[in-house]
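> Data file model_0.cif (mmCIF, C-alpha atoms) is appended below.
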```
data_target
#
loop_
_atom_site.group_PDB
_atom_site.id
_atom_site.type_symbol
_atom_site.label_atom_id
_atom_site.label_comp_id
_atom_site.auth_asym_id
_atom_site.auth_seq_id
_atom_site.Cartn_x
_atom_site.Cartn_y
_atom_site.Cartn_z
ATOM 1 C CA MET A 1 -16.400 -16.160 23.579
ATOM 2 C CA THR A 2 -14.401 -15.298 26.681
ATOM 3 C CA ALA A 3 -15.404 -11.998 28.311
ATOM 4 C CA ASN A 4 -12.814 -9.843 30.007
ATOM 5 C CA ARG A 5 -12.092 -6.305 31.201
ATOM 6 C CA ALA A 6 -8.378 -5.778 31.831
ATOM 7 C CA PRO A 7 -6.197 -4.563 30.170
ATOM 8 C CA VAL A 8 -8.521 -2.819 27.687
ATOM 9 C CA GLY A 9 -10.695 -0.788 30.071
ATOM 10 C CA VAL A 10 -14.080 -1.785 28.612
ATOM 11 C CA PRO A 11 -15.765 -5.189 28.352
ATOM 12 C CA PHE A 12 -14.325 -7.199 25.477
ATOM 13 C CA GLY A 13 -14.264 -10.754 24.210
ATOM 14 C CA HIS A 14 -11.727 -13.147 22.730
ATOM 15 C CA GLU A 15 -13.304 -14.694 19.645
ATOM 16 C CA PHE A 16 -12.207 -16.766 16.664
ATOM 17 C CA ARG A 17 -13.205 -16.055 13.074
ATOM 18 C CA ASP A 18 -12.559 -18.118 9.929
ATOM 19 C CA ALA A 19 -10.803 -16.354 7.056
ATOM 20 C CA ALA A 20 -9.875 -18.233 3.875
ATOM 21 C CA GLY A 21 -8.950 -21.370 5.772
ATOM 22 C CA VAL A 22 -7.094 -19.576 8.567
ATOM 23 C CA ARG A 23 -8.581 -19.279 12.044
ATOM 24 C CA LEU A 24 -8.058 -15.746 13.307
ATOM 25 C CA HIS A 25 -8.156 -14.708 16.934
ATOM 26 C CA VAL A 26 -10.032 -11.422 17.311
ATOM 27 C CA VAL A 27 -10.587 -9.149 20.289
ATOM 28 C CA ALA A 28 -14.070 -7.635 20.007
ATOM 29 C CA ALA A 29 -15.542 -4.718 21.960
ATOM 30 C CA GLY A 30 -18.419 -2.299 21.657
ATOM 31 C CA ASP A 31 -22.000 -2.502 20.425
ATOM 32 C CA PRO A 32 -22.380 -4.648 17.277
ATOM 33 C CA ALA A 33 -24.865 -2.070 15.990
ATOM 34 C CA ASP A 34 -22.273 0.732 15.996
ATOM 35 C CA PRO A 35 -19.970 1.636 13.071
ATOM 36 C CA LEU A 36 -17.087 -0.798 12.813
ATOM 37 C CA VAL A 37 -13.389 -0.041 13.296
ATOM 38 C CA VAL A 38 -10.742 -2.689 12.585
ATOM 39 C CA LEU A 39 -7.321 -2.114 14.172
ATOM 40 C CA LEU A 40 -4.340 -3.906 12.589
ATOM 41 C CA HIS A 41 -1.090 -4.419 14.482
ATOM 42 C CA GLY A 42 2.408 -4.550 13.050
ATOM 43 C CA PHE A 43 5.687 -6.386 13.647
ATOM 44 C CA PRO A 44 6.654 -7.673 16.176
ATOM 45 C CA GLU A 45 3.346 -7.157 17.968
ATOM 46 C CA PHE A 46 -0.065 -8.824 18.185
ATOM 47 C CA TRP A 47 -3.537 -7.489 18.980
ATOM 48 C CA TYR A 48 -2.248 -6.108 22.287
ATOM 49 C CA GLY A 49 -0.413 -3.363 20.424
ATOM 50 C CA TRP A 50 -3.744 -1.527 20.204
ATOM 51 C CA HIS A 51 -5.012 -2.245 23.732
ATOM 52 C CA ARG A 52 -4.929 1.409 24.835
ATOM 53 C CA HIS A 53 -7.034 2.530 21.881
ATOM 54 C CA VAL A 54 -10.016 0.217 22.218
ATOM 55 C CA GLU A 55 -11.644 2.044 25.137
ATOM 56 C CA PRO A 56 -11.639 5.565 23.609
ATOM 57 C CA LEU A 57 -13.030 4.225 20.335
ATOM 58 C CA VAL A 58 -15.789 2.255 22.059
ATOM 59 C CA GLU A 59 -16.658 5.251 24.204
ATOM 60 C CA ALA A 60 -16.843 7.364 21.047
ATOM 61 C CA GLY A 61 -19.527 5.031 19.708
ATOM 62 C CA TYR A 62 -17.686 2.407 17.655
ATOM 63 C CA ARG A 63 -17.652 -1.342 17.430
ATOM 64 C CA VAL A 64 -13.975 -2.396 17.541
ATOM 65 C CA LEU A 65 -12.310 -5.560 16.250
ATOM 66 C CA VAL A 66 -8.594 -6.155 16.798
ATOM 67 C CA PRO A 67 -7.321 -9.355 15.156
ATOM 68 C CA ASP A 68 -4.100 -11.177 15.669
ATOM 69 C CA GLN A 69 -3.132 -11.182 12.015
ATOM 70 C CA ARG A 70 -2.289 -14.558 10.463
ATOM 71 C CA GLY A 71 0.948 -15.940 11.839
ATOM 72 C CA TYR A 72 0.724 -13.886 15.033
ATOM 73 C CA GLY A 73 -0.515 -14.501 18.561
ATOM 74 C CA ARG A 74 -3.363 -16.963 18.819
ATOM 75 C CA SER A 75 -4.249 -16.886 15.111
ATOM 76 C CA GLY A 76 -3.489 -19.669 12.667
ATOM 77 C CA LYS A 77 0.049 -20.019 11.330
ATOM 78 C CA PRO A 78 0.041 -21.636 7.894
ATOM 79 C CA ALA A 79 3.280 -23.302 6.847
ATOM 80 C CA GLY A 80 5.474 -21.824 4.148
ATOM 81 C CA VAL A 81 5.949 -18.322 2.774
ATOM 82 C CA ARG A 82 3.229 -18.015 0.127
ATOM 83 C CA PRO A 83 0.321 -17.799 2.635
ATOM 84 C CA TYR A 84 1.772 -14.481 3.872
ATOM 85 C CA ARG A 85 1.633 -12.583 0.590
ATOM 86 C CA ILE A 86 -0.063 -9.204 0.850
ATOM 87 C CA THR A 87 -3.187 -10.248 -1.056
ATOM 88 C CA ALA A 88 -3.898 -12.954 1.531
ATOM 89 C CA LEU A 89 -3.318 -10.532 4.395
ATOM 90 C CA SER A 90 -5.727 -7.907 3.109
ATOM 91 C CA ARG A 91 -8.284 -10.589 2.233
ATOM 92 C CA ASP A 92 -8.202 -11.647 5.887
ATOM 93 C CA VAL A 93 -9.392 -8.180 6.850
ATOM 94 C CA VAL A 94 -12.317 -8.438 4.430
ATOM 95 C CA GLU A 95 -13.282 -11.731 6.056
ATOM 96 C CA VAL A 96 -13.024 -10.264 9.557
ATOM 97 C CA ILE A 97 -15.315 -7.414 8.503
ATOM 98 C CA ARG A 98 -17.831 -9.815 6.982
ATOM 99 C CA SER A 99 -17.683 -12.134 9.983
ATOM 100 C CA ASP A 100 -19.132 -9.366 12.129
ATOM 101 C CA GLY A 101 -22.012 -8.733 9.735
ATOM 102 C CA TYR A 102 -20.566 -5.658 8.001
ATOM 103 C CA GLU A 103 -19.692 -5.007 4.368
ATOM 104 C CA SER A 104 -17.162 -2.234 5.104
ATOM 105 C CA ALA A 105 -15.339 -0.670 8.042
ATOM 106 C CA HIS A 106 -12.981 2.044 9.155
ATOM 107 C CA VAL A 107 -9.552 0.393 8.921
ATOM 108 C CA VAL A 108 -6.542 1.551 10.941
ATOM 109 C CA GLY A 109 -3.062 0.029 10.914
ATOM 110 C CA HIS A 110 0.401 0.511 12.354
ATOM 111 C CA ASP A 111 3.628 -0.773 10.778
ATOM 112 C CA TRP A 112 2.789 -3.973 8.831
ATOM 113 C CA GLY A 113 -0.835 -3.432 9.808
ATOM 114 C CA ALA A 114 -0.665 -0.105 7.970
ATOM 115 C CA ALA A 115 0.798 -1.852 4.913
ATOM 116 C CA VAL A 116 -2.185 -4.218 4.939
ATOM 117 C CA ALA A 117 -4.564 -1.274 5.411
ATOM 118 C CA TRP A 118 -3.041 0.596 2.448
ATOM 119 C CA ASP A 119 -3.332 -2.535 0.306
ATOM 120 C CA LEU A 120 -6.954 -3.089 1.259
ATOM 121 C CA ALA A 121 -7.871 0.539 0.522
ATOM 122 C CA LEU A 122 -6.229 0.267 -2.902
ATOM 123 C CA ARG A 123 -7.300 -3.266 -3.804
ATOM 124 C CA ARG A 124 -10.805 -3.287 -2.306
ATOM 125 C CA PRO A 125 -11.772 0.379 -1.825
ATOM 126 C CA GLU A 126 -15.424 -0.484 -1.294
ATOM 127 C CA ARG A 127 -14.453 -2.198 1.980
ATOM 128 C CA VAL A 128 -12.805 0.848 3.580
ATOM 129 C CA ASP A 129 -14.931 3.718 4.860
ATOM 130 C CA ARG A 130 -12.058 5.706 6.364
ATOM 131 C CA LEU A 131 -8.396 4.811 6.488
ATOM 132 C CA GLY A 132 -5.896 5.454 9.265
ATOM 133 C CA VAL A 133 -2.193 4.626 8.947
ATOM 134 C CA VAL A 134 0.613 5.026 11.466
ATOM 135 C CA ASN A 135 4.258 5.027 10.387
ATOM 136 C CA VAL A 136 4.186 3.021 7.202
ATOM 137 C CA PRO A 137 4.127 4.681 3.774
ATOM 138 C CA HIS A 138 1.913 4.230 0.756
ATOM 139 C CA PRO A 139 3.420 1.337 -1.256
ATOM 140 C CA THR A 140 4.256 3.430 -4.317
ATOM 141 C CA ALA A 141 5.822 6.166 -2.198
ATOM 142 C CA PHE A 142 7.963 3.566 -0.469
ATOM 143 C CA ARG A 143 9.024 1.805 -3.658
ATOM 144 C CA ARG A 144 10.056 5.033 -5.378
ATOM 145 C CA THR A 145 11.891 6.298 -2.304
ATOM 146 C CA LEU A 146 13.694 3.006 -1.789
ATOM 147 C CA LEU A 147 14.959 3.079 -5.370
ATOM 148 C CA GLY A 148 16.194 6.655 -5.194
ATOM 149 C CA ASN A 149 17.206 7.277 -1.589
ATOM 150 C CA ARG A 150 20.340 5.620 -0.225
ATOM 151 C CA GLU A 151 19.428 6.470 3.350
ATOM 152 C CA GLN A 152 16.118 4.622 3.060
ATOM 153 C CA LEU A 153 17.889 1.689 1.452
ATOM 154 C CA ARG A 154 20.304 1.612 4.394
ATOM 155 C CA ARG A 155 17.456 1.747 6.908
ATOM 156 C CA SER A 156 15.715 -1.156 5.174
ATOM 157 C CA TRP A 157 18.634 -3.570 5.659
ATOM 158 C CA TYR A 158 16.620 -5.839 7.943
ATOM 159 C CA VAL A 159 14.063 -6.583 5.196
ATOM 160 C CA PHE A 160 16.850 -8.167 3.151
ATOM 161 C CA ALA A 161 18.339 -9.895 6.204
ATOM 162 C CA PHE A 162 14.952 -11.510 6.877
ATOM 163 C CA GLN A 163 15.156 -13.274 3.509
ATOM 164 C CA LEU A 164 17.749 -15.694 4.912
ATOM 165 C CA PRO A 165 16.372 -19.154 5.727
ATOM 166 C CA TRP A 166 15.774 -20.076 9.403
ATOM 167 C CA LEU A 167 18.491 -17.765 10.796
ATOM 168 C CA PRO A 168 16.340 -14.672 11.560
ATOM 169 C CA GLU A 169 13.792 -16.572 13.652
ATOM 170 C CA ARG A 170 16.513 -18.612 15.357
ATOM 171 C CA ALA A 171 18.382 -15.440 16.308
ATOM 172 C CA ALA A 172 15.170 -13.787 17.505
ATOM 173 C CA ALA A 173 14.377 -16.620 19.924
ATOM 174 C CA ARG A 174 17.747 -16.543 21.695
ATOM 175 C CA ASP A 175 17.838 -15.393 25.324
ATOM 176 C CA ASP A 176 14.049 -15.293 25.641
ATOM 177 C CA PHE A 177 13.599 -13.123 22.546
ATOM 178 C CA ALA A 178 16.107 -10.513 23.664
ATOM 179 C CA LEU A 179 16.498 -9.165 20.119
ATOM 180 C CA TRP A 180 12.804 -8.485 19.533
ATOM 181 C CA THR A 181 12.487 -7.121 23.054
ATOM 182 C CA ARG A 182 15.133 -4.548 22.124
ATOM 183 C CA VAL A 183 13.242 -3.722 18.922
ATOM 184 C CA LEU A 184 10.358 -2.608 21.110
ATOM 185 C CA THR A 185 12.213 -0.909 23.921
ATOM 186 C CA GLU A 186 15.349 0.719 22.546
ATOM 187 C CA SER A 187 13.654 3.286 20.305
ATOM 188 C CA VAL A 188 11.110 4.562 22.847
ATOM 189 C CA PRO A 189 11.363 6.452 26.150
ATOM 190 C CA GLY A 190 12.033 4.319 29.202
ATOM 191 C CA GLY A 191 8.878 2.945 30.762
ATOM 192 C CA THR A 192 6.878 2.926 27.523
ATOM 193 C CA PHE A 193 6.668 -0.867 27.852
ATOM 194 C CA ASP A 194 6.478 -2.278 31.379
ATOM 195 C CA ASP A 195 7.408 -5.800 32.463
ATOM 196 C CA ALA A 196 3.845 -7.060 32.065
ATOM 197 C CA ASP A 197 3.729 -5.748 28.491
ATOM 198 C CA LEU A 198 6.981 -7.464 27.592
ATOM 199 C CA ASP A 199 5.870 -10.725 29.199
ATOM 200 C CA ARG A 200 2.790 -10.691 26.963
ATOM 201 C CA TYR A 201 4.905 -10.110 23.869
ATOM 202 C CA ARG A 202 7.358 -12.884 24.722
ATOM 203 C CA ALA A 203 4.478 -15.282 25.285
ATOM 204 C CA ALA A 204 3.050 -14.395 21.859
ATOM 205 C CA TRP A 205 6.429 -14.780 20.123
ATOM 206 C CA GLY A 206 7.025 -18.105 21.839
ATOM 207 C CA ARG A 207 3.915 -19.783 20.437
ATOM 208 C CA GLU A 208 4.595 -22.677 18.105
ATOM 209 C CA ARG A 209 5.620 -21.464 14.594
ATOM 210 C CA ALA A 210 4.989 -17.825 15.552
ATOM 211 C CA ALA A 211 8.508 -16.466 15.028
ATOM 212 C CA ARG A 212 8.895 -18.139 11.631
ATOM 213 C CA SER A 213 5.438 -17.022 10.510
ATOM 214 C CA MET A 214 6.143 -13.425 11.519
ATOM 215 C CA VAL A 215 9.386 -13.379 9.525
ATOM 216 C CA ASN A 216 7.604 -15.005 6.584
ATOM 217 C CA TRP A 217 5.650 -11.783 6.066
ATOM 218 C CA TYR A 218 8.939 -10.178 5.020
ATOM 219 C CA ARG A 219 9.945 -13.131 2.871
ATOM 220 C CA ALA A 220 6.619 -13.050 1.031
ATOM 221 C CA LEU A 221 7.005 -9.321 0.422
ATOM 222 C CA LEU A 222 9.942 -9.934 -1.919
ATOM 223 C CA ARG A 223 9.048 -13.387 -3.235
ATOM 224 C CA TYR A 224 5.428 -12.650 -4.106
ATOM 225 C CA PRO A 225 5.056 -8.951 -4.927
ATOM 226 C CA ARG A 226 1.456 -8.102 -5.704
ATOM 227 C CA PRO A 227 1.076 -4.381 -6.559
ATOM 228 C CA PRO A 228 -2.499 -3.151 -6.125
ATOM 229 C CA PRO A 229 -4.454 -2.161 -9.251
ATOM 230 C CA ARG A 230 -4.490 1.572 -8.437
ATOM 231 C CA GLU A 231 -2.328 4.158 -6.687
ATOM 232 C CA SER A 232 -4.861 6.763 -5.531
ATOM 233 C CA VAL A 233 -6.663 6.187 -2.222
ATOM 234 C CA SER A 234 -10.264 7.370 -2.358
ATOM 235 C CA ALA A 235 -11.174 6.846 1.323
ATOM 236 C CA PRO A 236 -10.580 9.811 3.644
ATOM 237 C CA THR A 237 -7.151 9.082 5.085
ATOM 238 C CA LEU A 238 -5.305 10.042 8.250
ATOM 239 C CA ILE A 239 -1.517 9.571 8.286
ATOM 240 C CA ALA A 240 0.035 9.828 11.766
ATOM 241 C CA TRP A 241 3.812 9.884 11.665
ATOM 242 C CA GLY A 242 6.490 9.797 14.335
ATOM 243 C CA GLU A 243 9.378 11.564 12.632
ATOM 244 C CA ARG A 244 12.095 9.902 14.721
ATOM 245 C CA ASP A 245 11.324 6.577 13.042
ATOM 246 C CA GLU A 246 14.635 4.721 12.725
ATOM 247 C CA ALA A 247 13.413 2.538 9.849
ATOM 248 C CA LEU A 248 11.721 5.132 7.629
ATOM 249 C CA VAL A 249 12.877 8.527 6.364
ATOM 250 C CA PRO A 250 10.533 11.433 7.277
ATOM 251 C CA GLU A 251 9.840 12.467 3.665
ATOM 252 C CA LEU A 252 7.843 9.273 3.168
ATOM 253 C CA ALA A 253 4.943 10.827 5.067
ATOM 254 C CA PRO A 254 4.202 13.759 2.702
ATOM 255 C CA ARG A 255 4.944 11.574 -0.304
ATOM 256 C CA SER A 256 2.292 9.139 0.945
ATOM 257 C CA LEU A 257 -0.171 11.982 1.440
ATOM 258 C CA SER A 258 0.171 12.899 -2.238
ATOM 259 C CA PHE A 259 -1.534 9.618 -3.169
ATOM 260 C CA CYS A 260 -4.631 10.386 -1.064
ATOM 261 C CA ALA A 261 -7.611 12.118 -2.641
ATOM 262 C CA ASP A 262 -8.720 13.310 0.807
ATOM 263 C CA GLY A 263 -5.733 13.084 3.137
ATOM 264 C CA ARG A 264 -4.495 14.571 6.386
ATOM 265 C CA LEU A 265 -0.993 14.302 7.813
ATOM 266 C CA GLU A 266 -0.242 14.688 11.521
ATOM 267 C CA ARG A 267 3.451 14.741 12.400
ATOM 268 C CA PHE A 268 5.037 13.982 15.772
ATOM 269 C CA PRO A 269 8.592 15.389 15.659
ATOM 270 C CA ASP A 270 9.571 13.971 19.059
ATOM 271 C CA ALA A 271 8.183 10.444 18.632
ATOM 272 C CA GLY A 272 9.332 7.444 16.653
ATOM 273 C CA HIS A 273 8.088 4.326 14.940
ATOM 274 C CA PHE A 274 6.072 3.030 17.904
ATOM 275 C CA LEU A 275 3.949 6.172 17.999
ATOM 276 C CA THR A 276 0.911 4.212 19.165
ATOM 277 C CA HIS A 277 2.793 3.414 22.385
ATOM 278 C CA GLU A 278 4.684 6.669 22.844
ATOM 279 C CA ARG A 279 1.612 8.849 22.329
ATOM 280 C CA PRO A 280 -1.411 6.572 22.824
ATOM 281 C CA ASP A 281 -3.787 9.308 23.979
ATOM 282 C CA ALA A 282 -2.876 11.644 21.134
ATOM 283 C CA VAL A 283 -3.260 8.863 18.562
ATOM 284 C CA ALA A 284 -6.624 7.868 20.042
ATOM 285 C CA ASP A 285 -7.838 11.483 19.893
ATOM 286 C CA LEU A 286 -6.746 11.783 16.269
ATOM 287 C CA LEU A 287 -8.551 8.567 15.355
ATOM 288 C CA VAL A 288 -11.783 9.571 17.068
ATOM 289 C CA ASP A 289 -11.681 12.928 15.307
ATOM 290 C CA HIS A 290 -10.840 11.430 11.924
ATOM 291 C CA LEU A 291 -13.358 8.608 12.019
ATOM 292 C CA GLY A 292 -16.117 10.978 13.098
ATOM 293 C CA GLY A 293 -15.479 13.413 10.243
ATOM 294 C CA GLU A 294 -18.050 14.184 7.616
#
```
Would you write out, as structure tokens, the structure that this file holds?

Amino acid sequence: MTANRAPVGVPFGHEFRDAAGVRLHVVAAGDPADPLVVLLHGFPEFWYGWHRHVEPLVEAGYRVLVPDQRGYGRSGKPAGVRPYRITALSRDVVEVIRSDGYESAHVVGHDWGAAVAWDLALRRPERVDRLGVVNVPHPTAFRRTLLGNREQLRRSWYVFAFQLPWLPERAAARDDFALWTRVLTESVPGGTFDDADLDRYRAAWGRERAARSMVNWYRALLRYPRPPPRESVSAPTLIAWGERDEALVPELAPRSLSFCADGRLERFPDAGHFLTHERPDAVADLLVDHLGGE
């Protein structure tokens, strides 16, 4: 384990955990005796997408694990599309939880990380104590909206574009990943990501097989659909939603809430998809409050 302080703000370590044949890089912080929180990043990020949230959670009394999900960052990158089906992704989270000596955890995700968190809460509810999702809808809410809402279908064009062979990752890598850099920066206020942040992202995207593996998540979504066995989420759930999300229509948030037995929706009218970066302090406060609820 490599100990470090910056850029998280509290002591943390870079560790590696085995999950179903894939070696996952995990950032770990906090007392191993404290309740566990697992933070799951989305596309096109890696563990660093949650770096501003580790300190407030540790200071609130939690053990925090932030993996690079399979295909991302320093984690393993299996070849092909099938290894990135949703069942494998949520199983990885179970293995990360177990690797730290826990049977369940609070699970929080943004973007694709939220999709994995929803799937885990629906497929393995006994593993999720409390659920937090940021700007990705419940899978049934999304499927029904996509089928009946032309605007959502239009906004989802990139999911279909990512089904093309080799072209999406080749285009992404051009000009030092200029396209994915714009994905991060063009929908947020100036200065949200500084040069050091973007250098870290480009380094992660430039790892061998990383770009293809990241796109393979989208390919597996359509090639290997695996609906969970239930629609209702039993874990207490927080949905945080930036309503200026360019990829998702705002009505997906309340529709997702309707599938939660004990749900809470917090809207941010002036923020967008990368809410965790635009409003990191507010998101951290919401998580601390939600995870500490009775």
> Rounded to one decimal, what separation in Å do you get between atom CA of A:Pro236 and atom CA of A:Gly293?
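These two atoms are separated by 9.0 Å.
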> Since I can't run it myself right now, could you work out what the PyMOL selection byres ((chain A and resi 245) around 9) selects here and report it as a PyMOL selection string?
chain A and resi 135+187+241-244+246-250+271-275
> Grab the residues selected above and save them as an mmCIF file, keeping the file's coordinate frame with C-alpha atoms.

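What follows is the written file part-v4.cif:
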```
data_model
loop_
_atom_site.group_PDB
_atom_site.id
_atom_site.type_symbol
_atom_site.label_atom_id
_atom_site.label_comp_id
_atom_site.auth_asym_id
_atom_site.auth_seq_id
_atom_site.Cartn_x
_atom_site.Cartn_y
_atom_site.Cartn_z
ATOM 1 C CA ASN A 135 4.258 5.027 10.387
ATOM 2 C CA SER A 187 13.654 3.286 20.305
ATOM 3 C CA TRP A 241 3.812 9.884 11.665
ATOM 4 C CA GLY A 242 6.490 9.797 14.335
ATOM 5 C CA GLU A 243 9.378 11.564 12.632
ATOM 6 C CA ARG A 244 12.095 9.902 14.721
ATOM 7 C CA GLU A 246 14.635 4.721 12.725
ATOM 8 C CA ALA A 247 13.413 2.538 9.849
ATOM 9 C CA LEU A 248 11.721 5.132 7.629
ATOM 10 C CA VAL A 249 12.877 8.527 6.364
ATOM 11 C CA PRO A 250 10.533 11.433 7.277
ATOM 12 C CA ALA A 271 8.183 10.444 18.632
ATOM 13 C CA GLY A 272 9.332 7.444 16.653
ATOM 14 C CA HIS A 273 8.088 4.326 14.940
ATOM 15 C CA PHE A 274 6.072 3.030 17.904
ATOM 16 C CA LEU A 275 3.949 6.172 17.999
#
```
> Using atom CA of A:Gln69 and atom CA of A:Leu40 as the two end points, give the distance in Å to one decimal.
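Value for the atom CA of A:Gln69-atom CA of A:Leu40 distance: 7.4 Å.
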> Identify which of the residues A:Asp289, A:Asp262, A:Glu103, A:Asp92 lies closest to A:Gly76, counting all atoms listed in the file when measuring atom-to-atom distances.
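Among the listed residues, the smallest separation from A:Gly76 belongs to A:Asp92.
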> Given the file shown, determine the residues that the PyMOL selection byres ((chain A and resi 205) around 9) selects; report them as a ChimeraX atom specification.
/A:44-45,72-73,173,177,180,200-204,206-211,214
> Between atom CA of A:Phe16 and atom CA of A:Pro32, what is the distance in Å, rounded to a tenth?
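Rounded to one decimal, the two atoms are 15.8 Å apart.
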> As an mmCIF file with C-alpha atoms, in the coordinates of the input, please: the residues near A:Arg182 (cut-off 12 Å, all atoms listed in the file, same-chain neighbours under 6 positions excluded).

```cif
data_model
loop_
_atom_site.group_PDB
_atom_site.id
_atom_site.type_symbol
_atom_site.label_atom_id
_atom_site.label_comp_id
_atom_site.auth_asym_id
_atom_site.auth_seq_id
_atom_site.Cartn_x
_atom_site.Cartn_y
_atom_site.Cartn_z
ATOM 1 C CA PRO A 44 6.654 -7.673 16.176
ATOM 2 C CA ALA A 172 15.170 -13.787 17.505
ATOM 3 C CA ASP A 175 17.838 -15.393 25.324
ATOM 4 C CA ASP A 176 14.049 -15.293 25.641
ATOM 5 C CA VAL A 188 11.110 4.562 22.847
ATOM 6 C CA GLY A 190 12.033 4.319 29.202
ATOM 7 C CA PHE A 193 6.668 -0.867 27.852
ATOM 8 C CA LEU A 198 6.981 -7.464 27.592
ATOM 9 C CA TYR A 201 4.905 -10.110 23.869
ATOM 10 C CA ARG A 202 7.358 -12.884 24.722
#
```
> Any chance you could resolve the PyMOL selection byres ((chain A and resi 283) around 12) against this file and give the residues as an MDAnalysis selection string?
chainID A and resid 50 52:54 56:57 108:110 132:135 238:242 266:268 271 274:282 284:290
> So that I can see what lies close to stretch 217-227 of chain A, please list as a ChimeraX atom specification the residues with an atom at most 6 Å from it, counting all atoms listed in the file and leaving out residues fewer than 3 positions away in the same chain.
/A:81,84-85,163,214
> When you count all atoms listed in the file, which of these residues is closest to A:Arg230: A:Ala121, A:Leu179, A:Ala115, A:Val159?
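Selected residue with least distance to A:Arg230: A:Ala121.
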> Which is closest to A:Trp47 among A:Pro228, A:Gly148, A:Pro78, A:Gly71, if we use only C-alpha atoms?
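Ranked by minimum distance to A:Trp47, first place goes to A:Gly71.
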> Restricting the calculation to only C-alpha atoms, which member of A:Val233, A:Ser156, A:Ala79, A:Ala20 is positioned closest to A:Ser213?
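So, comparing all the options, the nearest one is A:Ala79.
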> Counting only C-alpha atoms, figure out which residue out of A:Asp100, A:Asp68, A:Asp270, A:Asp199 gets nearest to A:Ala33.
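Under the stated criterion, the closest residue is A:Asp100.
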> Need the shell around A:His51: protein/DNA/RNA residues with any atom at most 7 Å away, counting all atoms listed in the file. Skip same-chain ones fewer than 3 positions apart. Format as a list in words?
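The filter keeps Pro7, Val8, Tyr48 and Val54 of chain A.
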> Out of A:Val96, A:Ala141, A:Ala235, A:Val27, which residue has the shortest atom-to-atom distance to A:Val128 when counting all atoms listed in the file?
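The answer is A:Ala235, which sits nearest to A:Val128.
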> Could you give me, as a PyMOL selection string, the residues within 9 Å of A:Leu120, counting only C-alpha atoms and dropping anything in the same chain fewer than 4 positions from it?
chain A and resi 87+89-91+93-94+107+115-116+124-125+127-128+228
> Would you pick out the contacts of A:Arg63 at 7 Å or less, using all atoms listed in the file, so that residues sharing its chain but fewer than 2 positions from it are not included, and give the list as a VMD selection string?
chain A and resid 29 to 32 34 to 37 58 65
